[in-house]
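Engineer: Sending over a structure as structure tokens; questions will come in a sec.
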Amino acid sequence: MLYFLLFARTDAIKKEWEDFLSSFIPEPFHIETALFPDGPVSLLPENLPSCFLIDRSGMPELPENPWLQLLSIQYPLIPILYYEEASAFREQLESLLLKETGGSLPTGNPCLSYAKSRSFLDNLTSLGSASPQEDPELPDYSHVSFAACAARLSDSTHDAPAYEACAMLTRKYPNSFCYLNRKQKILLFVLYEHTGNFTQLELNRQTLMEQAAATDSFLPPFKFGVIHHGLSGLVSSFLEAEQVYYVNRLRTPCLYFEQISGPPGQLLKAERLMEIERSIRTDIQFREGQNALAYTRQWFSEYRRLGYEPEAVKYDMIILYASIKYVLFDMYGLKLKRIKSGLEVHEIIHIATMDELEEWFVTWLLYTLDNFDLTRSNTGFRIQEVLQFISNHVMDDLSLNTIASYFYVNPSYFSTLFKKETGQTYISYITRLKMDKARELLAANCKVYETAHLLGYEDIRHFRNTFKKYHGVSPSEVKPPPDGHGH
């Protein structure tokens, strides 16, 4: 079925357009009308029309709408027809039909309306009920991976900077879309790929983060969530970006979610507080949270003893909350979507007193501990969990000291256990994994120096020598497959 997305001065002209088009398009079609946009036209993946129609009849005073001009950059393969009077438009449409193979427009996908897409994105960026599993009309997009970037725009921000950012980003990253929530002053930019092309999405996200971190960056102040699968994953990624925004504004500089969700101890604070936080995480990881509640009470007691104000505790609590969630993502199967959602951070922001903070956190922790999948044995060192963690974080700093610290064991003891369980040293294992990832990146057209940097190699010569030792060829000899798209 053909799917036309019609932008007009009113949505009351749909019947008029249906009659007009049916006079010379014999095949079935569907028209969706929308008012002229006041931001980028945001269409979720695979939900594209056969053609954009723009009705400018009767409105000679209408100024050029920059967001309509952006359509040709956002969706370069979709025809755009402007209507001012019937005969000229008929000629445009007939000419277009003749150009298309078989004399017809490409089939569109009206399964999810533009209005439904906008409603979902508006709820999401308004921090409202953007829960895909609660709306049966929303596809789950389980075959698509998303990475969200969100920027808070200042009151003085005009359309021009947002427009220029959207134009540049959508041109550079074809698999993406933008959404502008004017009321909340949030610009959302989303990268996506099919799950089988995860490496490309990972590379695009890393490239964009480096561009955003540059001192001369002209991008809006984006904060980055991590990559998740499905539409519910898009929600999680956006909410992670929002957590980064709050921590950056009120506590410590940060750009992406991994900076606030890693092992505790990265931020300066009292040693006793860090010790209790380590105890909470260790208890959840290795003792299924048996003593986590008691440790949490100790944590709040220590803050009271040190004389902290609720505002200071609030943002430390966001970081502890994020780090606990990080443990649960990596180590457990979560039963309930709410635990993954991240909406809780906005509840934390609006709590006023220390007692209310403590009761909120205890309630959340009890709820969470009651609803994750307790499918682990009681042994302290679980090699499958270690290997899964390494696989998920192969592009991070994974020195022996770092990973031993994450699993709360002595580095020497970790090394001994790792070799006993796998038959190889930790260094040999992680090096082989990084070299396999390097070959994958190079085959996806990543440059040698970019690949080395992404995998944590500062010495390019060392990287080249190591790669050749493992693969028998130098990095520069790796070529993409014949189709040029990598794996």
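Scheme for the structure tokens: letters A, B, ... for chains in order shown; per-chain residue numbers from 1; ligand numbers from 1 in order shown.
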As a ChimeraX atom specification, please: the residues near Arg205 in chain A (cut-off 12 Å, only C-alpha atoms, same-chain neighbours under 3 positions excluded).
Structural biologist: /A:145-149,169,173,175-176,189-193,198-202,208-212,222-227,256,454
Engineer: At a cut-off of 10 Å, using only C-alpha atoms, what residues contact Glu309 in chain A? Leave out same-chain residues fewer than 6 positions from it and give the result as a PDB file with N, CA, C and O atoms, in the first residue's frame.
Structural biologist:
ATOM      1  N   TYR A 303      26.418   9.420  56.293  1.00  0.00           N
ATOM      2  CA  TYR A 303      26.185  10.762  55.752  1.00  0.00           C
ATOM      3  C   TYR A 303      25.671  11.701  56.836  1.00  0.00           C
ATOM      4  O   TYR A 303      26.071  12.872  56.911  1.00  0.00           O
ATOM      5  N   THR A 353      14.051  15.688  51.925  1.00  0.00           N
ATOM      6  CA  THR A 353      14.719  15.458  53.212  1.00  0.00           C
ATOM      7  C   THR A 353      15.558  14.183  53.193  1.00  0.00           C
ATOM      8  O   THR A 353      15.356  13.286  52.364  1.00  0.00           O
ATOM      9  N   MET A 354      16.476  14.083  54.161  1.00  0.00           N
ATOM     10  CA  MET A 354      17.340  12.916  54.268  1.00  0.00           C
ATOM     11  C   MET A 354      16.518  11.656  54.569  1.00  0.00           C
ATOM     12  O   MET A 354      16.769  10.589  54.002  1.00  0.00           O
TER      13      MET A 354
END
Engineer: So how far away is CA of Tyr75 in chain A from CA of Tyr179 in chain A, in Å?
Structural biologist: 14.5 Å
Engineer: Taking only range 152-305 of chain A into account, list the residues labelled strand (DSSP E) by DSSP (computed from the backbone), as a PyMOL selection string.
Structural biologist: chain A and resi 152+176-181+186-194+223-224+228-229
Engineer: Please identify all polymer residues within 8 Å of Leu53 in chain A, counting only C-alpha atoms, omitting same-chain residues fewer than 4 positions from it, and present them as number ranges by chain.
Structural biologist: A: 4-7, 80-83
Engineer: Using the selection just defined, write its residues with N, CA, C and O atoms as an mmCIF file, in the first residue's frame.
Structural biologist:
data_model
loop_
_atom_site.group_PDB
_atom_site.id
_atom_site.type_symbol
_atom_site.label_atom_id
_atom_site.label_comp_id
_atom_site.auth_asym_id
_atom_site.auth_seq_id
_atom_site.Cartn_x
_atom_site.Cartn_y
_atom_site.Cartn_z
ATOM 1 N N PHE A 4 1.122 8.125 2.052
ATOM 2 C CA PHE A 4 1.472 9.524 1.871
ATOM 3 C C PHE A 4 1.401 10.245 3.208
ATOM 4 O O PHE A 4 0.414 10.112 3.941
ATOM 5 N N LEU A 5 2.437 11.004 3.521
ATOM 6 C CA LEU A 5 2.428 11.856 4.708
ATOM 7 C C LEU A 5 2.272 13.287 4.225
ATOM 8 O O LEU A 5 3.159 13.835 3.554
ATOM 9 N N LEU A 6 1.120 13.886 4.530
ATOM 10 C CA LEU A 6 0.735 15.190 4.011
ATOM 11 C C LEU A 6 0.851 16.252 5.101
ATOM 12 O O LEU A 6 0.202 16.147 6.147
ATOM 13 N N PHE A 7 1.674 17.269 4.857
ATOM 14 C CA PHE A 7 1.773 18.417 5.758
ATOM 15 C C PHE A 7 0.926 19.547 5.188
ATOM 16 O O PHE A 7 1.069 19.920 4.009
ATOM 17 N N ILE A 80 9.544 14.286 -2.408
ATOM 18 C CA ILE A 80 8.824 15.380 -1.743
ATOM 19 C C ILE A 80 8.118 16.192 -2.830
ATOM 20 O O ILE A 80 8.772 16.697 -3.755
ATOM 21 N N LEU A 81 6.805 16.307 -2.727
ATOM 22 C CA LEU A 81 6.037 17.079 -3.710
ATOM 23 C C LEU A 81 5.331 18.244 -3.020
ATOM 24 O O LEU A 81 4.693 18.067 -1.987
ATOM 25 N N TYR A 82 5.459 19.429 -3.619
ATOM 26 C CA TYR A 82 4.799 20.628 -3.104
ATOM 27 C C TYR A 82 3.555 20.908 -3.957
ATOM 28 O O TYR A 82 3.607 20.914 -5.182
ATOM 29 N N TYR A 83 2.434 21.157 -3.278
ATOM 30 C CA TYR A 83 1.183 21.452 -3.974
ATOM 31 C C TYR A 83 0.831 22.936 -3.795
ATOM 32 O O TYR A 83 0.718 23.431 -2.673
#
Engineer: Point out the residue among A:Leu320, A:Ile460, A:Ala294, A:Met435 with the least atom-to-atom distance to Arg281 in chain A, counting only C-alpha atoms.
Structural biologist: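 Closest to Arg281 in chain A of all the choices is A:Leu320.
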Engineer: Excluding same-chain residues fewer than 3 positions from range 21-37 of chain A, what lies within 8 Å of it counting only C-alpha atoms, as a list in words?
Structural biologist: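 The neighbour list is Met1, Leu2, Tyr3, Phe4, Leu5, Leu6, Phe7, Ala8, Arg9, Thr10, Asp11, Lys14, Trp17, Glu18, Pro40, Val41, Trp67, Leu68, Pro110, Ser113, Tyr114 and Ala115 of chain A.
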Engineer: Near Ile351 in chain A, counting only C-alpha atoms, which residues have an atom at most 10 Å away, once you skip same-chain residues fewer than 5 positions from it, shown as an MDAnalysis selection string?
Structural biologist: chainID A and resid 310:311 314 346 356:357 360
Engineer: Which of these, A:Phe257, A:Glu385, A:Pro174, A:Asp55, has the shortest distance to Lys325 in chain A once you count only C-alpha atoms?
Structural biologist: A:Phe257
Engineer: Compare A:Gln290, A:Val478, A:Leu203, A:Thr296 by their minimum atom-to-atom distance to Met395 in chain A, counting only C-alpha atoms, and give me the closest one.
Structural biologist: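 Using only C-alpha atoms, the shortest distance to Met395 in chain A belongs to A:Leu203.
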